[in-house]
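Take a look at the structure below.
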Amino acid sequence: MDVLLGLQWGDEGKGKIVDVLAPQYEVVARFQGGPNAGHTLEFDGIKHVLHQIPSGIFRSQILNIIGNGVVLDPIILKKEIEGLGKFSIDYQKNLVVSKKATIIIPTHKLLDAAYEQSKGDKKIGSTLKGIGPTYQDKIGRSALRIGDILSPDFREKYQVLVDKHKTTLSFYSFPVDKLEEMEGQFFEAVEFVKSLNLIDSEYVVNDALASHKKILAEGAQGSLLDVDFGSYPFVTSSTTMTAGACTGLGVAPSKIGEVFGIFKAYCTRVGSGPFPTELFDATGEAMRKEGNEFGSTTGRPRRCGWLDLPALKYSIMINGVTQLFMMKADVLNIFDEIKVCTDYVLPTGEKIDRLSFEITDLDVKPVYKPMKGWHCSLADVRSYDEFPTELKEYVAFLEEELKVPIKLVSVGPDRVQTILR
């Protein structure tokens with residue numbers, strides 16, 4: 001089983017790459033996260049955003065698995081599947097859902113909003129999709145799972161959890177007047193989800209491995225948002241690294257093959273938290289505009305900055321990355337000069353090239369290496385040989401620093417604008 005994950009703060013372009021790699025695989029499986037993910041695919045002049053469904057869904061020969069590590073919103077899943085209607089996809093055949101996936105219920109979203117509101121100016125920038133509170137219930141052993149919807153006493157189980165949530169919401173004086181309307185949608189969506197192929201996914205995944213089928217595990221968010229290794233507390237609530245593919249699908253570590261690490265040719269971040277290379281000037285604004293850096297799930301403008309090598313090296317290390325894919329190289333077309341952060345300077349004046357525990361609280365200054373930009377369009381480039389010299393130099397410098405081969409460079413959003421090296 002190969003694993004594909006983001007090495008930065010999410011939004012690296014994973015959806016496109018799964019779509020490009022998918023023909024080489026028989027199974028694509030999502031292993032964590034929930035509807036806070038937004039995987040954008042563009043092909044044949046169509047742009048489509050997936051939130052919970054694996055990005056192999058547009059290939060009829062691929063089995064798509066929503067794994068046990070995912071937190072699933074039935075309402076969003078129903079809408080997503082309805083949105084696939086125009087593509088004539090037989091989702092009954094090529095989409096399956098783990099019975100062990102945890103369900104996001106309406107009060108999880110209310111709790112999310114209540115918690116975020118209570119933080120005032122210390123907000124973490126939650127997508128307010130109910131992800132955090134759902135994972136809290138999972139860890140607290142009070143959550144509902146997809147298999148529970150098949151139980152004759154599902155409504156009773158549901159009500160027990162809602163009553164618990166209402167107690168918390170009343171503590172925060174958070175209104176629940178929208179709950180009845182949300183519940184109407186929720187139970188309608190639950191009936192729809194019952195009609196899907198609900199499975200014990202760990203058996204399906206391991207049977208596929210035993211039959212020598214090729215599986216691609218698809219991560220959501222990015223490694224620097226990992227609940228353990230990200231810039232805590234400004235992180236997501238799941239394990240976004242390679243290790244999460246093992247727990248989120250029920251696969252032994254020895255079964256992991258290639259680890260594809262995806263990174264942008266620069267950096268972006270949504271929500272709060274440290275971002276040493278963030279640009280607050282016209283350069284950052286130009287980068288945001290050129291890269292259309294607005295969240296595919298929330299529409300929020302993303303914070304933009306130059307590539308951060310200490311952070312990237314850290315992600316490569318904890319994930320065991322074997323191949324690198326560089327995305328959105330074309331966004332840097334507009335710059336005469338490109339910068340890469342090679343080190344940080346601490347407030348004490350000490351220079352480091354590591355992400356230490358204290359980095360969340362310290363005001364670190366990036367040390368930049370300037371490089372000459374290529375300042376030309378890459379729209380029609382279809383091979384590495386056609387790359388401008390400056391882009392080749394950029395790729396070579398990064399490979400030398402990161403010690404992992406950059407096997408793919410994306411020069412535009414479409415499937416065909418993907419250069420394999």
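We name chains A, B, ... following the order of the structure tokens; residues begin at 1 in each chain, and ligands are numbered from 1 as shown.
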
Quiz item: Skipping near chain neighbours, those fewer than 3 positions away, what residues fall within 12 Å of Phe275 (chain A) using only C-alpha atoms, listed as JSON, numbers by chain?
Solution: {"A": [8, 9, 224, 225, 230, 231, 234, 267, 268, 269, 270, 271, 272, 278, 279, 280, 302, 303, 304, 305, 306, 307, 308, 310, 311, 341, 344, 355, 359, 360, 361, 362, 363, 364, 365, 366]}

Those of region 261-341 of chain A in DSSP helix (DSSP H, G or I), formatted as an mmCIF file with C-alpha atoms, in the first residue's frame:
```
data_model
loop_
_atom_site.group_PDB
_atom_site.id
_atom_site.type_symbol
_atom_site.label_atom_id
_atom_site.label_comp_id
_atom_site.auth_asym_id
_atom_site.auth_seq_id
_atom_site.Cartn_x
_atom_site.Cartn_y
_atom_site.Cartn_z
ATOM 1 C CA ALA A 282 2.442 43.065 -1.932
ATOM 2 C CA THR A 283 4.482 39.919 -2.724
ATOM 3 C CA GLY A 284 2.228 37.817 -0.476
ATOM 4 C CA GLU A 285 -0.862 39.394 -2.003
ATOM 5 C CA ALA A 286 0.426 38.707 -5.537
ATOM 6 C CA MET A 287 1.112 35.088 -4.565
ATOM 7 C CA ARG A 288 -2.424 34.689 -3.173
ATOM 8 C CA LYS A 289 -3.977 36.165 -6.290
ATOM 9 C CA GLU A 290 -1.820 34.219 -8.754
ATOM 10 C CA LEU A 309 12.796 24.023 4.239
ATOM 11 C CA PRO A 310 13.169 23.302 7.993
ATOM 12 C CA ALA A 311 9.415 22.564 8.155
ATOM 13 C CA LEU A 312 9.520 20.509 4.952
ATOM 14 C CA LYS A 313 12.512 18.442 6.137
ATOM 15 C CA TYR A 314 10.654 17.750 9.382
ATOM 16 C CA SER A 315 7.585 16.438 7.522
ATOM 17 C CA ILE A 316 9.752 14.280 5.257
ATOM 18 C CA MET A 317 11.458 12.782 8.324
ATOM 19 C CA ILE A 318 8.335 11.896 10.345
ATOM 20 C CA ASN A 319 6.552 10.461 7.296
ATOM 21 C CA ALA A 329 5.283 25.803 -9.666
ATOM 22 C CA ASP A 330 3.407 28.012 -12.148
ATOM 23 C CA VAL A 331 2.312 30.380 -9.342
ATOM 24 C CA LEU A 332 5.944 31.516 -9.040
ATOM 25 C CA ASN A 333 6.000 32.489 -12.758
ATOM 26 C CA ILE A 334 5.350 36.131 -11.844
#
```

Restrict the calculation to only C-alpha atoms, then for each residue of region 48-127 of chain A with any atom at most 8 Å from an atom of region 155-170 of chain A give the closest atom pair and their distance in Å to one decimal, rows by chain and rising residue number, as a Markdown table.
```
| residue | atom | partner | partner_atom | distance |
| --- | --- | --- | --- | --- |
| A:Thr107 | CA | A:His165 | CA | 6.5 |
| A:His108 | CA | A:His165 | CA | 7.7 |
| A:Leu110 | CA | A:Leu169 | CA | 7.7 |
| A:Leu111 | CA | A:Leu169 | CA | 6.5 |
| A:Ala114 | CA | A:Leu169 | CA | 7.0 |
```

Practice problem: Please provide the set of residues having any atom within 8 Å of Gly373 (chain A), restricted to only C-alpha atoms, with same-chain residues fewer than 4 positions apart removed, written as a list in words. | Solution: Leu332, Asn333, Phe335, Asp336, Glu337, Ile338, Glu390 and Leu391 of chain A

Quiz item: Mind checking DSSP for region 168-240 of chain A and telling me the strand (DSSP E) residues as a ChimeraX atom specification?
Solution: /A:197-199,215-218

With region 95-100 of chain A as the partner and 6 Å as the cut-off, tabulate the residues of region 137-227 of chain A that qualify, each row holding the nearest pair of atoms and their distance in Å to one decimal, using only C-alpha atoms, sorted by chain and rising number, as CSV.
```
residue,atom,partner,partner_atom,distance
A:Arg145,CA,A:Lys100,CA,5.6
A:Ile146,CA,A:Lys99,CA,4.7
A:Gly147,CA,A:Lys99,CA,4.3
A:Asn197,CA,A:Val96,CA,5.0
A:Leu198,CA,A:Val97,CA,4.9
A:Ile199,CA,A:Ser98,CA,5.1
A:Asp200,CA,A:Ser98,CA,5.6
A:Ser201,CA,A:Ser98,CA,4.9
```

With C-alpha atoms retained, export the selected residues as a PDB file, in the first residue's frame.
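Okay, this is what ended up in again-v9.pdb:
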```pdb
ATOM      1  CA  ARG A 145     -20.242   5.110  14.281  1.00  0.00           C
ATOM      2  CA  ILE A 146     -21.627   4.348  10.847  1.00  0.00           C
ATOM      3  CA  GLY A 147     -22.459   0.774  11.896  1.00  0.00           C
ATOM      4  CA  ASN A 197     -22.294  -0.288   0.767  1.00  0.00           C
ATOM      5  CA  LEU A 198     -21.326  -0.299   4.474  1.00  0.00           C
ATOM      6  CA  ILE A 199     -18.473  -2.701   5.223  1.00  0.00           C
ATOM      7  CA  ASP A 200     -15.843  -3.948   7.663  1.00  0.00           C
ATOM      8  CA  SER A 201     -13.221  -2.029   5.710  1.00  0.00           C
TER       9      SER A 201
END
```

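Between CA of Ser237 (chain A) and CA of Tyr91 (chain A) there is a distance of 28.3 Å.
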
Quiz prompt | Glu399 (chain A) environment, 9 Å, only C-alpha atoms, sequence neighbours closer than 6 positions dropped, as a PyMOL selection string | solution = chain A and resi 324+405-406

Exercise. Go through A:Ser142, A:Gln136, A:Gln32, A:Gln52 and flag the residue nearest Thr239 (chain A), using only C-alpha atoms for the distances.
Key: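 Checking each of A:Ser142, A:Gln136, A:Gln32, A:Gln52 against Thr239 (chain A), counting only C-alpha atoms, the winner is A:Gln32.
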
Quiz item: What does the distance between CA of Ala208 (chain A) and CA of Ser55 (chain A) come to in Å, to one decimal place?
Solution: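 Value for the CA of Ala208 (chain A)-CA of Ser55 (chain A) distance: 18.5 Å.
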
Quiz item: How many Å separate CA of Asp90 (chain A) from CA of Gly45 (chain A)?
Solution: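 Here the two named atoms are 21.5 Å from each other.
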
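Closest approach to Ala143 (chain A) among A:Tyr232, A:Lys122, A:Gly130, A:Ile105 is made by A:Ile105 (distances from only C-alpha atoms).
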
Quiz item: Do you know which residues are at most 8 Å from Leu4 (chain A) counting only C-alpha atoms, after dropping those on the same chain fewer than 4 positions away, and could you put them as a PyMOL selection string?
Solution: chain A and resi 14+18+216-219+259-262

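Take the candidates A:Pro74, A:Gly56, A:Pro233, A:Gly13 and check each one against Phe357 (chain A) using only C-alpha atoms; the shortest distance goes to A:Pro233.
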
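Each of A:Ile256, A:Ala113, A:Val71, A:Met182 was compared to Thr134 (chain A) using only C-alpha atoms, and A:Val71 turns out to be the nearest.
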
Practice problem: Could you give me, as a PyMOL selection string, the residues within 9 Å of Leu63 (chain A), counting only C-alpha atoms and dropping anything in the same chain fewer than 6 positions from it? | Solution: chain A and resi 26-29+56-57+93-96
